[in-house]
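Heads up: the structure comes next, in structure tokens.
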Amino acid sequence: MAERSDILPPDKQGLKAATRALVRAVGGQEACPGFARYTRHQAYSEFASIEHGDKFMPVDVIADLEAVSHGTAGHPHVTRALCKRAGGAFVKLPSAEVSTADWHKALADLIEESRDVTTRLLEALGDSRTPGAVTAAEIRASAMIDETDALIGVGVNLRAMLERVLAGED
């Protein structure tokens with residue numbers, strides 16, 4: 001059977017679905033013109049519709065709408081879909097909390113948090129009931145996600161310190 005050229009491939013249908021979710025999160029197509037440059041509310045419906053496979057929301061409009069959809073389930077809708085399409089995942093970084101450049105403390109924090117994550121993973125991998133594997137129960141019991149989040153936070157702070165040096169602030 002010949003493939004129809006007017007049917008969007010699954011990855012583009014995913015972008016349309018993410019756009020629909022974004023438009024809904026903002027309050028529907030009628031609300032969107034108040035937050036982005038397109039004044040015709042029907043344009044937002046077309047961006048979200050697979051029936052309009054040649055029309056996709058421009059990146060500046062996505063940025064404007066995602067900026068007002070914070071706190072909604074799935075935010076940032078289209079950015080997540082684009083990350084997935086590129087083979088990645090969207091991960092929101094914590095805010096940097098650096099006030100002064102204390103390099104020794106930053107390194108000590110990095111070593112400590114890395115050790116905590118590594119220790120918990122090695123314990124899970126060495127568990128005789130599930131050797132070489134990490135289970136959901138082990139992740140929950142050892143707070144591995146919290147420890148990993150703490151490690152990411154330390155990394156974000158260290159990155160902010162490095163950026164401040166580049167910017168000539170420290």
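FYI, nothing fancy with the structure tokens labels: chains A, B, ... in order, residues from 1 per chain, ligands from 1 as they appear.
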Self-check item: Residues within 8 Å of segment 133-143 of chain A, only C-alpha atoms, excluding chain neighbours under 2 positions, as an MDAnalysis selection string
Solution: chainID A and resid 120:121 124:125 130:131 145:147
Restricting it to N, CA and C atoms, dump the selection as a compact mmCIF listing (two decimals), in the first residue's frame.
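Once written, again-v2.txt looks like this:
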# COMPACT_ATOMS: atom_id res chain seq x y z
N ARG A 120 25.27 4.71 47.13
CA ARG A 120 23.93 4.12 47.04
C ARG A 120 23.78 3.23 45.80
N LEU A 121 24.34 3.68 44.70
CA LEU A 121 24.27 2.85 43.48
C LEU A 121 25.07 1.56 43.64
N ALA A 124 23.19 -0.89 45.76
CA ALA A 124 22.10 -1.53 45.02
C ALA A 124 22.65 -2.56 44.04
N LEU A 125 23.71 -2.22 43.34
CA LEU A 125 24.29 -3.15 42.36
C LEU A 125 24.88 -4.39 43.03
N THR A 130 19.50 -9.00 43.86
CA THR A 130 19.41 -8.49 42.48
C THR A 130 20.78 -8.00 42.04
N PRO A 131 21.78 -8.90 41.95
CA PRO A 131 23.14 -8.48 41.63
C PRO A 131 23.21 -7.82 40.24
N ILE A 145 17.14 9.31 44.16
CA ILE A 145 16.73 10.47 43.35
C ILE A 145 17.03 11.75 44.10
N ASP A 146 16.73 11.79 45.40
CA ASP A 146 17.05 12.98 46.19
C ASP A 146 18.55 13.24 46.20
N GLU A 147 19.34 12.18 46.35
CA GLU A 147 20.79 12.34 46.34
C GLU A 147 21.29 12.83 44.98
Exercise. Write out as a count of residues only the residues lying within 12 Å of Leu22 of chain A, counting only C-alpha atoms and excluding same-chain residues fewer than 5 positions away.
Key: 34
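The smallest atom-to-atom distance between Pro58 of chain A and any of A:Thr19, A:Lys84, A:Asp11, A:Gln42, using only C-alpha atoms, is found for A:Thr19.
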Exercise. Enumerate the residues of chain A with a DSSP assignment of helix (DSSP H, G or I), computed from the backbone, and present them as a PyMOL selection string.
Key: chain A and resi 10-26+32-34+41-48+50-52+59-68+77-85+103-125+136-142+144-166
Practice problem: Name all residues at most 10 Å from Ala96 of chain A (count only C-alpha atoms; drop same-chain ones fewer than 5 positions away) and give them as a ChimeraX atom specification. | Solution: /A:153-161
Writing out the chosen residues with C-alpha atoms as a PDB file, in the first residue's frame:
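Result file is out16.pdb:
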ATOM      1  CA  GLY A 153      22.310  21.205  42.525  1.00  0.00           C
ATOM      2  CA  VAL A 154      25.991  21.230  43.491  1.00  0.00           C
ATOM      3  CA  GLY A 155      26.916  21.017  39.815  1.00  0.00           C
ATOM      4  CA  VAL A 156      24.631  23.949  38.984  1.00  0.00           C
ATOM      5  CA  ASN A 157      26.232  26.039  41.737  1.00  0.00           C
ATOM      6  CA  LEU A 158      29.732  25.135  40.534  1.00  0.00           C
ATOM      7  CA  ARG A 159      28.751  26.073  36.982  1.00  0.00           C
ATOM      8  CA  ALA A 160      27.426  29.424  38.208  1.00  0.00           C
ATOM      9  CA  MET A 161      30.729  30.069  39.976  1.00  0.00           C
TER      10      MET A 161
END
